[in-house]
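Participant: One structure follows; several queries about it will come next.
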Amino acid sequence: MRSGKRRGLLLVALFTLQAVCALFFVSDILLSVFGLYAAPISWQNREILEIGAALGLILGLGLGAAALAGALRETARTRARLHRAASAFGDLLEARFTEWGLTPAERDVALFAIKGLSTAEIAALRSTSEGTVKAQTAAIYRKAGVSGRGPLLSLFIEDLMDSGPLVSLPGTPEPVADTA
């Protein structure tokens with residue numbers, strides 16, 4: 001949370017610095033275009049202002065690139081955690097389906113049911129009748145020892161909750177495999 005707040009403040013400061021520097025250059029150009037001139041200042045002071053504004057823009061560019069790189073790294077880490085979670089859930093599905101002795105057709109139907117598809121949608125995807133899908137879901141529920149979709153999904157949610165986190169949260173160490 002702290003680093004997020006710090007990052008937010010850094011981005012606000014970066015944006016402000018770039019806005020001030022850009023405002024300096026744009027106002028200088030517009031004043032020249034319209035023939036308006038500010039009170040004369042020495043060329044040395046003007047050069048210092050321009051160098052400062054240019055350095056501010058370059059600094060903003062560098063910090064912006066660093067912020068973008070950090071965001072891309074965080075996105076990659078999040079995608080990796082999501083992939084591990086999806087893989088763990090897939091492993092859990094396969095283990096349960098094997099434990100229940102589901103046929104390949106029943107596995108497909110169970111997966112579609114867990115994803116929330118209706119009986120009609122499952123039948124259309126599998127090119128079968130709704131009656132066939134209803135018979136297969138009844139067999140799945142019987143083999144799993146549940147009375148419907150809700151309890152079926154509940155089994156997987158309970159398994160996930162009982163097994164602990166599938167992925168570590170940002171800022172927490174990755175779980176170490178037990179080698180004993």
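Scheme for the structure tokens: letters A, B, ... for chains in order shown; per-chain residue numbers from 1; ligand numbers from 1 in order shown.
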Give me, as a list in words, all polymer residues having an atom no more than 9 Å from region 122-131 of chain A, counting only C-alpha atoms and skipping those fewer than 4 positions away in the same chain.
Facilitator: Ala105, Asp108, Val109, Phe112, Ala113, Leu117, Ser118, Ala135 and Gln136 of chain A
Participant: Could you save those same residues with N, CA and C atoms as a PDB file, in the first residue's frame?
Facilitator:
ATOM      1  N   ALA A 105     -17.346 -37.458 -21.992  1.00  0.00           N
ATOM      2  CA  ALA A 105     -18.509 -36.607 -22.276  1.00  0.00           C
ATOM      3  C   ALA A 105     -18.987 -35.926 -20.995  1.00  0.00           C
ATOM      4  N   ASP A 108     -16.748 -33.023 -20.076  1.00  0.00           N
ATOM      5  CA  ASP A 108     -17.058 -31.821 -20.866  1.00  0.00           C
ATOM      6  C   ASP A 108     -18.286 -31.113 -20.303  1.00  0.00           C
ATOM      7  N   VAL A 109     -19.326 -31.884 -20.052  1.00  0.00           N
ATOM      8  CA  VAL A 109     -20.573 -31.310 -19.553  1.00  0.00           C
ATOM      9  C   VAL A 109     -20.341 -30.682 -18.176  1.00  0.00           C
ATOM     10  N   PHE A 112     -18.502 -27.384 -18.556  1.00  0.00           N
ATOM     11  CA  PHE A 112     -19.401 -26.345 -19.064  1.00  0.00           C
ATOM     12  C   PHE A 112     -20.389 -25.899 -17.981  1.00  0.00           C
ATOM     13  N   ALA A 113     -20.866 -26.842 -17.199  1.00  0.00           N
ATOM     14  CA  ALA A 113     -21.800 -26.507 -16.118  1.00  0.00           C
ATOM     15  C   ALA A 113     -21.112 -25.648 -15.066  1.00  0.00           C
ATOM     16  N   LEU A 117     -22.678 -22.358 -18.081  1.00  0.00           N
ATOM     17  CA  LEU A 117     -23.484 -22.458 -19.292  1.00  0.00           C
ATOM     18  C   LEU A 117     -24.806 -23.165 -18.989  1.00  0.00           C
ATOM     19  N   SER A 118     -25.835 -22.777 -19.699  1.00  0.00           N
ATOM     20  CA  SER A 118     -27.151 -23.408 -19.528  1.00  0.00           C
ATOM     21  C   SER A 118     -27.156 -24.761 -20.232  1.00  0.00           C
ATOM     22  N   ALA A 135     -29.370 -35.825 -18.814  1.00  0.00           N
ATOM     23  CA  ALA A 135     -29.018 -37.157 -18.313  1.00  0.00           C
ATOM     24  C   ALA A 135     -27.558 -37.181 -17.843  1.00  0.00           C
ATOM     25  N   GLN A 136     -26.681 -36.516 -18.612  1.00  0.00           N
ATOM     26  CA  GLN A 136     -25.273 -36.490 -18.225  1.00  0.00           C
ATOM     27  C   GLN A 136     -25.068 -35.677 -16.945  1.00  0.00           C
TER      28      GLN A 136
END
Participant: What residues in region 13-155 of chain A get the DSSP label alpha helix (DSSP H)? Please answer as a PyMOL selection string.
Facilitator: chain A and resi 13-33+43-100+104-114+119-126+130-144+149-155
Participant: Show which residues sit within 10 Å of region 9-11 of chain A, as a ChimeraX atom specification. Count only C-alpha atoms, and ignore same-chain residues fewer than 3 positions away.
Facilitator: /A:3-6,14-17,60,63-64,67
Participant: Write out as a list in words which residues come within 12 Å of Met161 (chain A) when counting only C-alpha atoms, dropping same-chain ones fewer than 5 positions away.
Facilitator: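 Everything that qualifies: Phe89, Leu92, Ser154, Leu155, Phe156 and Leu166 of chain A.
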Participant: Please, what distance in Å, to one decimal, runs between CA of Thr119 (chain A) and CA of Tyr141 (chain A)?
Facilitator: 14.1 Å
Participant: Identify which of the residues A:Leu160, A:Val33, A:Val20, A:Glu74 lies closest to Gly52 (chain A), counting only C-alpha atoms when measuring atom-to-atom distances.
Facilitator: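 Selected residue with least distance to Gly52 (chain A): A:Val20.
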Participant: When you count only C-alpha atoms, which of these residues is closest to Ala95 (chain A): A:Leu55, A:Asp159, A:Lys115, A:Arg2?
Facilitator: A:Asp159
Participant: Quick one: residues within 12 Å of Ala138 (chain A), only C-alpha atoms, excluding same-chain residues fewer than 3 positions away - as a PyMOL selection string?
Facilitator: chain A and resi 102+106+109-110+113+119+131-135+141-149+152
Participant: Mind pulling up the distance from CA of Ala69 (chain A) to CA of Ala53 (chain A)?
Facilitator: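 Atom-to-atom, CA of Ala53 (chain A) and CA of Ala69 (chain A) are spaced 24.1 Å apart.
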Participant: What is the CA of Ser27 (chain A) to CA of Ala66 (chain A) distance in Å?
Facilitator: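 These two atoms are separated by 28.3 Å.
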